[in-house]
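Undergrad: Questions regarding the structure given below will be posed in turn.
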Amino acid sequence: MITKDYNPSPIEVRFVEILSELKDDLNSKLINFDIVKIEENIQLDNPTIDFFLKDKDGDEHEIVLKVIQKPDKKNVE
């Protein structure tokens with residue numbers, strides 16, 4: 001399937017949504033950190049997802065992921 005719209009692309013948006021849905025799974029794998037909030041920014045050309053974490057000492061941290069789909073490669077024959 002050729003991607004027709006990259007601003008954002010449907011797969012970029014879905015990846016952000018899936019990452020957000022995986023909050024509990026991610027939390028179970030993080031040692032000494034808890035994800036307390038997630039913010040999705042899916043209207044951007046390259047959507048982002050912000051993870052707000054708190055460590056065992058009560059300090060707050062933020063991880064931001066930007067999802068970028070590279071342009072589709074056309075088959076060269």
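By order in the structure tokens, chains are A, B, ...; within a chain, residues start at 1; ligands start at 1, following the order shown.
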Tyr6 in chain A: which residues within 12 Å, counting only C-alpha atoms, same-chain residues fewer than 6 positions away excluded, as a JSON list (two decimals) with C-alpha atoms, in the first residue's frame?

TA:
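Printed below is around_8.json as written:
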```
[["chain", "number", "residue", "atom", "x", "y", "z"],
["A", 12, "GLU", "CA", 2.66, 7.31, 12.32],
["A", 13, "VAL", "CA", -0.56, 8.15, 14.13],
["A", 42, "ILE", "CA", -0.82, 13.23, 16.65],
["A", 43, "GLN", "CA", -1.77, 16.32, 14.63],
["A", 44, "LEU", "CA", 1.91, 17.16, 13.96],
["A", 45, "ASP", "CA", 3.59, 16.27, 10.66],
["A", 46, "ASN", "CA", 5.76, 13.88, 12.70],
["A", 47, "PRO", "CA", 3.64, 12.93, 15.70],
["A", 67, "VAL", "CA", 7.54, 9.08, 15.05],
["A", 68, "ILE", "CA", 8.74, 9.55, 11.48],
["A", 69, "GLN", "CA", 7.77, 7.42, 8.51],
["A", 70, "LYS", "CA", 10.33, 7.52, 5.75],
["A", 71, "PRO", "CA", 8.93, 8.01, 2.25],
["A", 72, "ASP", "CA", 7.83, 4.82, 0.52]]
```

Undergrad: Have a look at CA of Val16 in chain A and CA of His61 in chain A and let me know their distance in Å, one decimal.

TA: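 Calculated distance between CA of Val16 in chain A and CA of His61 in chain A is 19.3 Å.
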
Undergrad: Which residues come within 12 Å of Met1 in chain A, counting only C-alpha atoms, excluding same-chain residues fewer than 4 positions away, as a list in words?

TA: Asp5, Pro10, Ile11, Asp72, Lys73 and Lys74 of chain A

Undergrad: Could you check the closest approach to Glu21 in chain A for each of A:Glu60, A:Leu65, A:Phe33, A:Glu39 and tell me which residue wins, using only C-alpha atoms?

TA: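 Using only C-alpha atoms, Glu21 in chain A sits closest to A:Glu39.
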
Undergrad: Determine, counting only C-alpha atoms, which protein, DNA and RNA residues have an atom within 8 Å of an atom of Lys37 in chain A; residues of the same chain fewer than 6 positions away are not included. Present the result as a short mmCIF file (atom, residue, chain, number, x, y, z; two decimals) with N, CA, C and O atoms, in the first residue's frame.

TA:
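result.cif written:
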```
data_model
loop_
_atom_site.label_atom_id
_atom_site.label_comp_id
_atom_site.auth_asym_id
_atom_site.auth_seq_id
_atom_site.Cartn_x
_atom_site.Cartn_y
_atom_site.Cartn_z
N PHE A 51 6.20 10.96 27.46
CA PHE A 51 6.02 10.12 28.64
C PHE A 51 6.50 10.91 29.85
O PHE A 51 7.66 11.34 29.88
N PHE A 52 5.64 11.10 30.81
CA PHE A 52 6.00 11.78 32.05
C PHE A 52 6.19 10.71 33.12
O PHE A 52 5.28 9.94 33.40
N LEU A 53 7.39 10.66 33.67
CA LEU A 53 7.75 9.62 34.61
C LEU A 53 8.11 10.21 35.96
O LEU A 53 8.50 11.38 36.06
#
```

Undergrad: Enumerate the residues of range 13-70 of chain A with a DSSP assignment of strand (DSSP E), computed from the backbone, and present them as JSON, numbers by chain.

TA: {"A": [33, 34, 35, 36, 37, 38, 39, 40, 41, 48, 49, 50, 51, 52, 53, 54, 55, 60, 61, 62, 63, 64, 65, 66]}

Undergrad: Give the answer as one residue: which of A:Ser20, A:Asn27, A:Thr3, A:Ser9 has the shortest atom-to-atom distance to Asp50 in chain A, using only C-alpha atoms?

TA: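 Among the listed residues, the smallest separation from Asp50 in chain A belongs to A:Ser20.
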